[in-house]
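Participant: I'm passing along run_24.cif; it holds mmCIF, C-alpha atoms.
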data_my_file
#
loop_
_atom_site.group_PDB
_atom_site.id
_atom_site.type_symbol
_atom_site.label_atom_id
_atom_site.label_comp_id
_atom_site.auth_asym_id
_atom_site.auth_seq_id
_atom_site.Cartn_x
_atom_site.Cartn_y
_atom_site.Cartn_z
ATOM 1 C CA MET A 1 0.539 50.401 93.588
ATOM 2 C CA LYS A 2 1.772 46.811 93.521
ATOM 3 C CA LYS A 3 -1.777 45.509 93.103
ATOM 4 C CA VAL A 4 -2.472 47.737 90.175
ATOM 5 C CA PHE A 5 0.723 46.583 88.560
ATOM 6 C CA LYS A 6 -0.298 42.923 89.012
ATOM 7 C CA MET A 7 -3.701 43.592 87.530
ATOM 8 C CA GLN A 8 -2.067 45.269 84.624
ATOM 9 C CA GLU A 9 0.057 42.145 84.157
ATOM 10 C CA GLN A 10 -3.006 39.928 84.181
ATOM 11 C CA VAL A 11 -4.763 42.086 81.646
ATOM 12 C CA ASN A 12 -1.642 41.975 79.540
ATOM 13 C CA SER A 13 -1.445 38.173 79.543
ATOM 14 C CA THR A 14 -5.163 37.868 78.758
ATOM 15 C CA ALA A 15 -4.698 40.267 75.890
ATOM 16 C CA GLN A 16 -1.760 38.218 74.759
ATOM 17 C CA ILE A 17 -3.771 35.005 74.763
ATOM 18 C CA ILE A 18 -6.635 36.621 72.888
ATOM 19 C CA GLY A 19 -4.204 38.169 70.466
ATOM 20 C CA ALA A 20 -2.416 34.890 69.880
ATOM 21 C CA ALA A 21 -5.681 33.047 69.377
ATOM 22 C CA PHE A 22 -6.888 35.699 66.974
ATOM 23 C CA LEU A 23 -3.647 35.642 65.039
ATOM 24 C CA SER A 24 -3.677 31.843 64.761
ATOM 25 C CA ALA A 25 -7.268 31.929 63.569
ATOM 26 C CA VAL A 26 -6.381 34.429 60.884
ATOM 27 C CA LEU A 27 -3.329 32.438 59.845
ATOM 28 C CA LEU A 28 -5.275 29.184 59.755
ATOM 29 C CA PHE A 29 -7.997 30.818 57.700
ATOM 30 C CA GLY A 30 -5.424 32.184 55.276
ATOM 31 C CA VAL A 31 -3.425 28.992 54.901
ATOM 32 C CA GLY A 32 -6.616 26.950 54.650
ATOM 33 C CA GLY A 33 -7.886 29.298 51.978
ATOM 34 C CA ILE A 34 -4.723 28.942 49.968
ATOM 35 C CA ILE A 35 -4.909 25.153 50.186
ATOM 36 C CA VAL A 36 -8.576 25.055 49.165
ATOM 37 C CA TYR A 37 -7.900 27.538 46.350
ATOM 38 C CA GLY A 38 -5.013 25.401 45.155
ATOM 39 C CA VAL A 39 -7.112 22.247 45.134
ATOM 40 C CA GLU A 40 -10.118 23.895 43.515
ATOM 41 C CA ASN A 41 -8.111 25.601 40.836
ATOM 42 C CA GLU A 42 -5.843 22.824 39.757
ATOM 43 C CA PRO A 43 -5.568 22.726 35.990
ATOM 44 C CA VAL A 44 -8.359 20.549 34.673
ATOM 45 C CA TYR A 45 -7.165 20.722 31.105
ATOM 46 C CA GLN A 46 -3.866 19.675 29.647
ATOM 47 C CA PRO A 47 -4.214 19.670 25.891
ATOM 48 C CA ASP A 48 -2.786 16.830 23.858
ATOM 49 C CA GLU A 49 0.483 17.945 22.299
ATOM 50 C CA LEU A 50 -0.438 17.236 18.696
ATOM 51 C CA TYR A 51 -3.895 18.763 19.156
ATOM 52 C CA GLU A 52 -2.335 21.909 20.596
ATOM 53 C CA ASP A 53 0.133 21.981 17.717
ATOM 54 C CA GLU A 54 -2.493 21.466 15.006
ATOM 55 C CA CYS A 55 -5.336 23.623 16.304
ATOM 56 C CA GLY A 56 -3.607 25.905 18.766
ATOM 57 C CA ALA A 57 -1.417 27.449 16.063
ATOM 58 C CA CYS A 58 -4.331 29.562 14.854
ATOM 59 C CA HIS A 59 -6.609 29.827 17.863
ATOM 60 C CA TYR A 60 -6.998 28.914 21.508
ATOM 61 C CA ALA A 61 -7.055 25.116 21.561
ATOM 62 C CA TYR A 62 -10.590 24.755 22.914
ATOM 63 C CA PRO A 63 -10.855 21.922 25.435
ATOM 64 C CA PRO A 64 -12.605 18.957 23.761
ATOM 65 C CA GLY A 65 -15.011 18.872 26.697
ATOM 66 C CA LEU A 66 -16.694 22.076 25.544
ATOM 67 C CA LEU A 67 -18.433 20.499 22.523
ATOM 68 C CA PRO A 68 -20.395 17.277 22.037
ATOM 69 C CA VAL A 69 -19.124 14.444 19.840
ATOM 70 C CA SER A 70 -21.328 15.249 16.856
ATOM 71 C CA SER A 71 -20.086 18.849 16.736
ATOM 72 C CA TRP A 72 -16.439 17.799 16.772
ATOM 73 C CA LEU A 73 -17.087 15.276 14.017
ATOM 74 C CA GLY A 74 -18.886 17.947 11.997
ATOM 75 C CA ILE A 75 -15.885 20.256 12.362
ATOM 76 C CA MET A 76 -13.355 17.548 11.521
ATOM 77 C CA GLN A 77 -15.260 16.566 8.375
ATOM 78 C CA ASN A 78 -15.044 20.053 6.942
ATOM 79 C CA LEU A 79 -11.558 21.315 7.718
ATOM 80 C CA GLU A 80 -11.192 22.754 4.231
ATOM 81 C CA ASP A 81 -13.788 25.369 5.148
ATOM 82 C CA HIS A 82 -13.167 25.781 8.845
ATOM 83 C CA PHE A 83 -15.292 28.836 9.665
ATOM 84 C CA GLU A 84 -13.966 30.425 6.454
ATOM 85 C CA ASP A 85 -10.379 29.401 7.122
ATOM 86 C CA ASN A 86 -8.491 26.438 5.771
ATOM 87 C CA ALA A 87 -7.448 24.021 8.486
ATOM 88 C CA GLU A 88 -6.676 20.963 6.386
ATOM 89 C CA THR A 89 -4.144 18.477 7.632
ATOM 90 C CA ASP A 90 -2.922 15.046 6.548
ATOM 91 C CA GLU A 91 -5.230 12.094 7.088
ATOM 92 C CA GLU A 92 -3.170 10.494 9.828
ATOM 93 C CA THR A 93 -3.132 13.678 11.907
ATOM 94 C CA ALA A 94 -6.821 14.350 11.281
ATOM 95 C CA THR A 95 -7.737 10.851 12.468
ATOM 96 C CA TYR A 96 -5.633 11.255 15.593
ATOM 97 C CA VAL A 97 -7.122 14.651 16.453
ATOM 98 C CA SER A 98 -10.634 13.351 15.717
ATOM 99 C CA ASN A 99 -10.204 10.428 18.092
ATOM 100 C CA TYR A 100 -8.804 12.694 20.806
ATOM 101 C CA LEU A 101 -11.738 15.093 20.477
ATOM 102 C CA VAL A 102 -14.373 12.349 20.463
ATOM 103 C CA GLU A 103 -12.839 10.606 23.456
ATOM 104 C CA ASN A 104 -12.809 13.766 25.542
ATOM 105 C CA ALA A 105 -15.935 15.446 24.157
ATOM 106 C CA LEU A 106 -18.730 17.005 26.200
ATOM 107 C CA LYS A 107 -20.930 14.238 27.536
ATOM 108 C CA PRO A 108 -22.963 13.644 30.676
ATOM 109 C CA GLY A 109 -20.778 12.776 33.653
ATOM 110 C CA GLN A 110 -17.526 13.872 31.992
ATOM 111 C CA ASN A 111 -16.846 17.123 33.841
ATOM 112 C CA ALA A 112 -19.295 18.358 36.453
ATOM 113 C CA LYS A 113 -18.170 21.975 36.041
ATOM 114 C CA TRP A 114 -18.937 22.026 32.329
ATOM 115 C CA SER A 115 -22.159 20.028 32.477
ATOM 116 C CA VAL A 116 -23.957 23.387 32.323
ATOM 117 C CA LEU A 117 -23.168 23.288 28.595
ATOM 118 C CA LEU A 118 -25.363 20.204 28.203
ATOM 119 C CA ARG A 119 -28.518 22.115 29.145
ATOM 120 C CA ASN A 120 -31.224 22.127 26.469
ATOM 121 C CA MET A 121 -28.872 20.502 23.992
ATOM 122 C CA PRO A 122 -30.733 20.133 20.677
ATOM 123 C CA ASN A 123 -30.698 16.854 18.758
ATOM 124 C CA ASP A 124 -28.550 18.482 16.128
ATOM 125 C CA PRO A 125 -25.982 20.430 18.214
ATOM 126 C CA PRO A 126 -24.360 23.536 16.685
ATOM 127 C CA LEU A 127 -20.696 23.515 15.659
ATOM 128 C CA ARG A 128 -19.773 26.586 17.649
ATOM 129 C CA ILE A 129 -19.422 26.509 21.429
ATOM 130 C CA VAL A 130 -20.949 29.984 21.620
ATOM 131 C CA GLU A 131 -24.113 28.706 19.942
ATOM 132 C CA LEU A 132 -24.784 26.004 22.524
ATOM 133 C CA PRO A 133 -27.937 26.911 24.499
ATOM 134 C CA GLY A 134 -26.056 26.000 27.661
ATOM 135 C CA PHE A 135 -23.255 28.440 26.802
ATOM 136 C CA GLN A 136 -25.715 31.232 26.083
ATOM 137 C CA GLN A 137 -27.535 30.562 29.338
ATOM 138 C CA ALA A 138 -24.287 30.704 31.281
ATOM 139 C CA HIS A 139 -23.415 34.002 29.590
ATOM 140 C CA GLU A 140 -26.874 35.554 29.805
ATOM 141 C CA SER A 141 -25.792 38.689 31.655
ATOM 142 C CA GLU A 142 -22.919 39.267 29.234
ATOM 143 C CA LEU A 143 -25.310 38.826 26.327
ATOM 144 C CA GLU A 144 -27.659 41.373 27.893
ATOM 145 C CA LEU A 145 -24.800 43.810 28.221
ATOM 146 C CA ILE A 146 -24.130 43.728 24.503
ATOM 147 C CA GLU A 147 -27.782 43.496 23.419
ATOM 148 C CA GLY A 148 -28.406 45.616 20.368
ATOM 149 C CA VAL A 149 -24.679 46.098 19.794
ATOM 150 C CA ASP A 150 -23.470 44.036 16.883
ATOM 151 C CA LEU A 151 -20.231 42.666 18.257
ATOM 152 C CA GLY A 152 -20.757 39.312 16.594
ATOM 153 C CA TRP A 153 -19.774 36.026 18.118
ATOM 154 C CA ASP A 154 -16.157 37.091 18.052
ATOM 155 C CA PHE A 155 -17.046 38.907 21.266
ATOM 156 C CA PHE A 156 -16.832 35.574 23.049
ATOM 157 C CA SER A 157 -13.858 34.233 21.214
ATOM 158 C CA PRO A 158 -11.222 33.515 22.352
ATOM 159 C CA CYS A 159 -12.321 32.396 25.825
ATOM 160 C CA GLU A 160 -9.160 33.686 27.461
ATOM 161 C CA ASP A 161 -10.093 37.295 26.759
ATOM 162 C CA CYS A 162 -12.149 37.018 29.936
ATOM 163 C CA HIS A 163 -11.233 33.629 31.380
ATOM 164 C CA ARG A 164 -7.537 34.235 31.812
ATOM 165 C CA GLN A 165 -6.914 30.685 32.984
ATOM 166 C CA ALA A 166 -8.762 29.076 30.087
ATOM 167 C CA ASP A 167 -5.548 27.390 28.961
ATOM 168 C CA GLN A 168 -5.797 25.298 32.122
ATOM 169 C CA GLY A 169 -9.497 24.663 31.611
ATOM 170 C CA LEU A 170 -10.501 27.018 34.434
ATOM 171 C CA PHE A 171 -13.666 28.958 33.642
ATOM 172 C CA ASP A 172 -14.897 29.641 37.182
ATOM 173 C CA LYS A 173 -16.789 32.867 37.723
ATOM 174 C CA GLU A 174 -14.681 33.633 40.788
ATOM 175 C CA LEU A 175 -11.582 33.825 38.623
ATOM 176 C CA LEU A 176 -12.979 36.616 36.458
ATOM 177 C CA SER A 177 -12.056 40.192 37.192
ATOM 178 C CA GLY A 178 -12.794 43.618 35.781
ATOM 179 C CA GLY A 179 -11.346 45.151 32.668
ATOM 180 C CA TYR A 180 -11.537 41.957 30.679
ATOM 181 C CA GLY A 181 -12.986 41.468 27.242
ATOM 182 C CA PRO A 182 -11.957 41.874 23.626
ATOM 183 C CA THR A 183 -10.975 45.494 24.234
ATOM 184 C CA SER A 184 -8.050 44.243 26.279
ATOM 185 C CA ARG A 185 -6.759 42.216 23.342
ATOM 186 C CA MET B 186 56.240 42.221 5.178
ATOM 187 C CA ILE B 187 55.750 39.103 3.140
ATOM 188 C CA GLY B 188 54.693 37.273 6.267
ATOM 189 C CA GLN B 189 52.092 39.952 7.018
ATOM 190 C CA SER B 190 50.508 40.003 3.588
ATOM 191 C CA SER B 191 50.303 36.254 3.442
ATOM 192 C CA ASN B 192 48.731 36.423 6.876
ATOM 193 C CA ALA B 193 46.124 38.828 5.550
ATOM 194 C CA LEU B 194 45.560 36.593 2.559
ATOM 195 C CA LEU B 195 45.109 33.667 4.883
ATOM 196 C CA LYS B 196 42.542 35.645 6.898
ATOM 197 C CA VAL B 197 40.605 36.474 3.746
ATOM 198 C CA LEU B 198 40.777 32.863 2.634
ATOM 199 C CA ILE B 199 39.325 31.740 5.949
ATOM 200 C CA LEU B 200 36.852 34.550 6.536
ATOM 201 C CA VAL B 201 35.185 34.711 3.133
ATOM 202 C CA PRO B 202 34.007 31.102 3.079
ATOM 203 C CA LEU B 203 32.951 31.490 6.717
ATOM 204 C CA LEU B 204 30.811 34.522 5.896
ATOM 205 C CA LEU B 205 29.356 32.732 2.897
ATOM 206 C CA THR B 206 28.359 29.744 5.004
ATOM 207 C CA ALA B 207 26.821 32.108 7.546
ATOM 208 C CA VAL B 208 24.494 33.407 4.833
ATOM 209 C CA VAL B 209 23.607 29.995 3.478
ATOM 210 C CA MET B 210 23.412 28.382 6.924
ATOM 211 C CA GLN B 211 19.799 29.519 7.469
ATOM 212 C CA ALA B 212 18.692 26.841 5.052
ATOM 213 C CA THR B 213 18.059 23.538 6.739
ATOM 214 C CA GLU B 214 18.644 20.001 5.571
ATOM 215 C CA VAL B 215 14.902 19.589 5.277
ATOM 216 C CA SER B 216 14.329 22.713 3.204
ATOM 217 C CA ASP B 217 17.264 21.821 0.952
ATOM 218 C CA ALA B 218 15.862 18.348 0.334
ATOM 219 C CA MET B 219 12.400 19.755 -0.352
ATOM 220 C CA LEU B 220 13.790 22.318 -2.783
ATOM 221 C CA GLU B 221 15.332 19.463 -4.754
ATOM 222 C CA GLU B 222 12.042 17.622 -4.816
ATOM 223 C CA PHE B 223 10.081 20.692 -5.902
ATOM 224 C CA SER B 224 12.625 21.343 -8.668
ATOM 225 C CA VAL B 225 11.595 18.121 -10.413
ATOM 226 C CA GLU B 226 8.178 19.595 -11.225
ATOM 227 C CA ALA B 227 9.249 23.224 -11.424
ATOM 228 C CA THR B 228 9.227 25.108 -14.727
ATOM 229 C CA GLY B 229 12.490 26.949 -14.084
ATOM 230 C CA PRO B 230 15.161 27.625 -11.491
ATOM 231 C CA PHE B 231 13.925 28.963 -8.173
ATOM 232 C CA SER B 232 14.221 32.668 -7.548
ATOM 233 C CA VAL B 233 14.396 34.632 -4.328
ATOM 234 C CA GLN B 234 12.716 37.637 -5.948
ATOM 235 C CA ALA B 235 9.804 35.525 -7.175
ATOM 236 C CA GLY B 236 9.477 34.031 -3.700
ATOM 237 C CA LEU B 237 9.251 37.458 -2.105
ATOM 238 C CA ALA B 238 6.749 38.621 -4.734
ATOM 239 C CA THR B 239 4.483 35.596 -4.263
ATOM 240 C CA TRP B 240 4.675 36.008 -0.505
ATOM 241 C CA SER B 241 3.755 39.645 -0.299
ATOM 242 C CA ALA B 242 1.565 40.354 -3.348
ATOM 243 C CA PRO B 243 -2.009 41.049 -2.207
ATOM 244 C CA GLN B 244 -4.556 38.849 -3.964
ATOM 245 C CA PRO B 245 -7.875 40.067 -5.416
ATOM 246 C CA ASN B 246 -9.462 38.875 -2.152
ATOM 247 C CA GLY B 247 -7.168 41.247 -0.259
ATOM 248 C CA ARG B 248 -5.209 38.398 1.269
ATOM 249 C CA SER B 249 -1.485 37.752 1.275
ATOM 250 C CA CYS B 250 0.918 35.813 3.454
ATOM 251 C CA GLU B 251 1.447 39.068 5.310
ATOM 252 C CA SER B 252 -2.181 39.001 6.486
ATOM 253 C CA CYS B 253 -1.029 36.756 9.307
ATOM 254 C CA HIS B 254 2.759 36.681 9.186
ATOM 255 C CA GLY B 255 3.044 40.463 9.186
ATOM 256 C CA GLU B 256 5.288 42.642 7.073
ATOM 257 C CA SER B 257 8.525 41.415 8.603
ATOM 258 C CA LEU B 258 9.651 37.818 8.811
ATOM 259 C CA PHE B 259 11.846 38.707 11.769
ATOM 260 C CA VAL B 260 9.135 39.634 14.235
ATOM 261 C CA THR B 261 6.051 37.922 15.633
ATOM 262 C CA GLY B 262 2.902 38.092 13.521
ATOM 263 C CA SER B 263 -0.712 37.491 14.491
ATOM 264 C CA HIS B 264 -3.621 35.593 12.976
ATOM 265 C CA TYR B 265 -5.868 38.013 11.070
ATOM 266 C CA LYS B 266 -9.016 36.791 12.794
ATOM 267 C CA THR B 267 -8.158 35.245 16.140
ATOM 268 C CA GLY B 268 -5.134 37.372 16.996
ATOM 269 C CA GLU B 269 -3.196 34.233 17.936
ATOM 270 C CA LEU B 270 0.511 35.096 17.895
ATOM 271 C CA ILE B 271 2.613 33.584 15.113
ATOM 272 C CA GLU B 272 6.318 33.170 15.771
ATOM 273 C CA PRO B 273 8.720 34.822 13.294
ATOM 274 C CA MET B 274 9.152 32.943 10.001
ATOM 275 C CA ALA B 275 12.831 33.763 9.480
ATOM 276 C CA PRO B 276 15.006 30.766 10.418
ATOM 277 C CA SER B 277 17.770 33.156 11.498
ATOM 278 C CA VAL B 278 15.671 34.339 14.443
ATOM 279 C CA ASN B 279 13.509 31.243 14.825
ATOM 280 C CA PRO B 280 15.695 28.168 14.212
ATOM 281 C CA GLU B 281 12.709 25.826 14.475
ATOM 282 C CA ARG B 282 11.396 27.085 11.139
ATOM 283 C CA LEU B 283 11.774 24.874 8.060
ATOM 284 C CA THR B 284 13.004 21.915 10.086
ATOM 285 C CA GLU B 285 9.939 19.703 9.746
ATOM 286 C CA ARG B 286 8.766 18.364 6.421
ATOM 287 C CA ARG B 287 5.282 17.605 7.756
ATOM 288 C CA LYS B 288 4.800 21.183 8.901
ATOM 289 C CA ILE B 289 6.120 22.736 5.714
ATOM 290 C CA ASN B 290 3.737 20.636 3.631
ATOM 291 C CA LYS B 291 0.810 21.266 5.944
ATOM 292 C CA TRP B 292 1.189 25.021 5.922
ATOM 293 C CA PHE B 293 1.784 25.203 2.164
ATOM 294 C CA LEU B 294 -1.487 23.308 1.719
ATOM 295 C CA ARG B 295 -3.551 25.334 4.209
ATOM 296 C CA ASN B 296 -2.158 28.734 3.505
ATOM 297 C CA CYS B 297 -1.966 28.530 -0.294
ATOM 298 C CA LYS B 298 -5.623 27.517 -0.397
ATOM 299 C CA TRP B 299 -6.632 30.316 1.965
ATOM 300 C CA THR B 300 -4.535 32.995 0.314
ATOM 301 C CA TYR B 301 -4.719 32.105 -3.391
ATOM 302 C CA GLY B 302 -7.827 29.910 -3.347
ATOM 303 C CA ARG B 303 -5.837 26.996 -4.836
ATOM 304 C CA VAL B 304 -2.844 24.816 -4.127
ATOM 305 C CA CYS B 305 0.527 26.347 -4.968
ATOM 306 C CA THR B 306 2.600 25.022 -7.849
ATOM 307 C CA ALA B 307 5.964 23.367 -7.254
ATOM 308 C CA GLN B 308 7.542 26.480 -8.763
ATOM 309 C CA GLU B 309 5.792 28.815 -6.312
ATOM 310 C CA LYS B 310 6.576 26.624 -3.327
ATOM 311 C CA GLY B 311 10.226 26.370 -4.368
ATOM 312 C CA ASP B 312 10.529 30.136 -4.845
ATOM 313 C CA ILE B 313 8.996 30.838 -1.449
ATOM 314 C CA LEU B 314 10.991 28.152 0.338
ATOM 315 C CA LEU B 315 14.262 29.339 -1.198
ATOM 316 C CA TRP B 316 13.561 32.924 -0.184
ATOM 317 C CA LEU B 317 12.433 31.956 3.331
ATOM 318 C CA SER B 318 15.433 29.710 3.877
ATOM 319 C CA GLN B 319 17.775 32.656 3.327
ATOM 320 C CA GLN B 320 16.114 34.947 5.863
#
Please go through the file and, once you have read it, give me the structure as structure tokens.

Facilitator:
Amino acid sequence: MKKVFKMQEQVNSTAQIIGAAFLSAVLLFGVGGIIVYGVENEPVYQPDELYEDECGACHYAYPPGLLPVSSWLGIMQNLEDHFEDNAETDEETATYVSNYLVENALKPGQNAKWSVLLRNMPNDPPLRIVELPGFQQAHESELELIEGVDLGWDFFSPCEDCHRQADQGLFDKELLSGGYGPTSR
Amino acid sequence: MIGQSSNALLKVLILVPLLLTAVVMQATEVSDAMLEEFSVEATGPFSVQAGLATWSAPQPNGRSCESCHGESLFVTGSHYKTGELIEPMAPSVNPERLTERRKINKWFLRNCKWTYGRVCTAQEKGDILLWLSQQ
């Protein structure tokens, strides 16, 4: 009887050790995950205040790093007809915004995560982000989904319809979840 | 008795100007100064009714200020195309409105051209600004 009891005790302590080890592993995994997630998903985009004020009043203030220099300059030279809206501003402000956009524009080596947008860039890049070959390639499956349905390019605008952390410059696939899209607007 | 009625009179004397200032208070220093400047080129005195009419009358292109600002100045509107939210225009609920000359000029330029297809006259801008400043 005594022996059995002792054995039981041994089994218990072994179980305890295994349990403790298992629990620590789980905890470590969890905490580690949170840390990695935090590091990976730090905001990569903090818009300039005046830029946000000028452009963000009417639409999501697209990060400058989503379009090449020539596209930004093309947009800034024609603010009176800004995709059928008027986005004129005084010369001083326009110059400031222009410089900010050019400085932070999409270029090789600027942001590894967005370099996908540089793929197959034509010599004369389009003005719209959604018309960049790199953008279309990255959204191929979404484009297939709406093939034949005329949703227009508005389907992809604004970014935060699907990329809910777009305001922080986070467009990672892992951050997407179901039920997103213009219908949720 | 005499003391009471003079008390009441005193209350009226204090309250009426207070109420009046409450109504006029929505106007800001900036909008007041701009109204004066617009009046130099204006064809007549500014009118609240004309301001309201210019603001809400739909144009032949179907556009009006309400396309984005909504039917009420006291609630949030949204951009007709992008859906971006636009804070209420009425200074009484959004005290930041009409406090920056640069912004007032910028939006008069952008929005007059979009809505009416031309810049607004000093008269139109004054009418609208006067009406807005009292909301």

Participant: Could you work out which residues of chain B fall inside 6 Å of chain A? Count all atoms listed in the file, and format the result as number ranges by chain.

Facilitator: B: 267, 269, 291, 295, 299

Participant: Would you compute the distance between CA of Leu315 in chain B and CA of Leu294 in chain B? Give it in Å to one decimal.

Facilitator: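 So the answer is 17.1 Å.
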
Participant: Just give me the gap between CA of Ala307 in chain B and CA of Arg287 in chain B in Å, one decimal is fine.

Facilitator: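 These atoms are spaced 16.1 Å apart.
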
Participant: Suppose you want the space between CA of Lys173 in chain A and CA of Pro68 in chain A; what is it in Å?

Facilitator: 22.4 Å

Participant: Translate the PyMOL selection byres ((chain A and resi 70-73) around 10) into a concrete residue list for this structure, as a list of chain:residue names.

Facilitator: A:Pro64, A:Leu66, A:Leu67, A:Pro68, A:Val69, A:Gly74, A:Ile75, A:Met76, A:Gln77, A:Asn78, A:Val97, A:Ser98, A:Asn99, A:Leu101, A:Val102, A:Ala105, A:Leu106, A:Asn123, A:Asp124, A:Pro125, A:Pro126, A:Leu127, A:Arg128, A:Ile129

Participant: Quick one: residues within 9 Å of Phe231 in chain B, all atoms listed in the file, excluding same-chain residues fewer than 5 positions away - as a list of chain:residue names?

Facilitator: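 Returned residues: B:Leu220, B:Ser224, B:Gly236, B:Gln308, B:Glu309, B:Gly311, B:Asp312, B:Ile313, B:Leu315, B:Trp316.
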
Participant: I need the residue set behind the PyMOL selection byres ((chain B and resi 274-277) around 6) for this file; please write it as a list in words.

Facilitator: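 When the PyMOL selection byres ((chain B and resi 274-277) around 6) is applied to the shown file, the picked residues are Gln211, Leu258, Phe259, Pro273, Val278, Asn279, Pro280, Arg282 and Gln320 of chain B.
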
Participant: Write the residues you've just listed into a file as a compact mmCIF listing (two decimals), in the frame of the given file, and include C-alpha atoms for each of them.

Facilitator:
# COMPACT_ATOMS: atom_id res chain seq x y z
CA GLN B 211 19.80 29.52 7.47
CA LEU B 258 9.65 37.82 8.81
CA PHE B 259 11.85 38.71 11.77
CA PRO B 273 8.72 34.82 13.29
CA VAL B 278 15.67 34.34 14.44
CA ASN B 279 13.51 31.24 14.82
CA PRO B 280 15.70 28.17 14.21
CA ARG B 282 11.40 27.08 11.14
CA GLN B 320 16.11 34.95 5.86

Participant: Padding 4 Å on every side, please: axis-aligned box over the listed atoms of range 298-311 of chain B, centre and edge lengths to one decimal in Å, as AutoDock Vina command-line options.

Facilitator:
--center_x 1.2 --center_y 28.2 --center_z -3.4 --size_x 26.1 --size_y 17.6 --size_z 18.7

Participant: From the options A:Gly30, A:Gly19, A:Pro122, A:Pro47, which residue's atoms come nearest to Gly65 in chain A, counting all atoms listed in the file?

Facilitator: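 Result for the nearest residue to Gly65 in chain A: A:Pro47.
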
Participant: Give the answer as one residue: which of B:Ser318, B:Thr228, B:Ser241, B:Gln234 has the shortest atom-to-atom distance to Glu281 in chain B, using all atoms listed in the file?

Facilitator: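 Distance minimum relative to Glu281 in chain B lands on B:Ser318.
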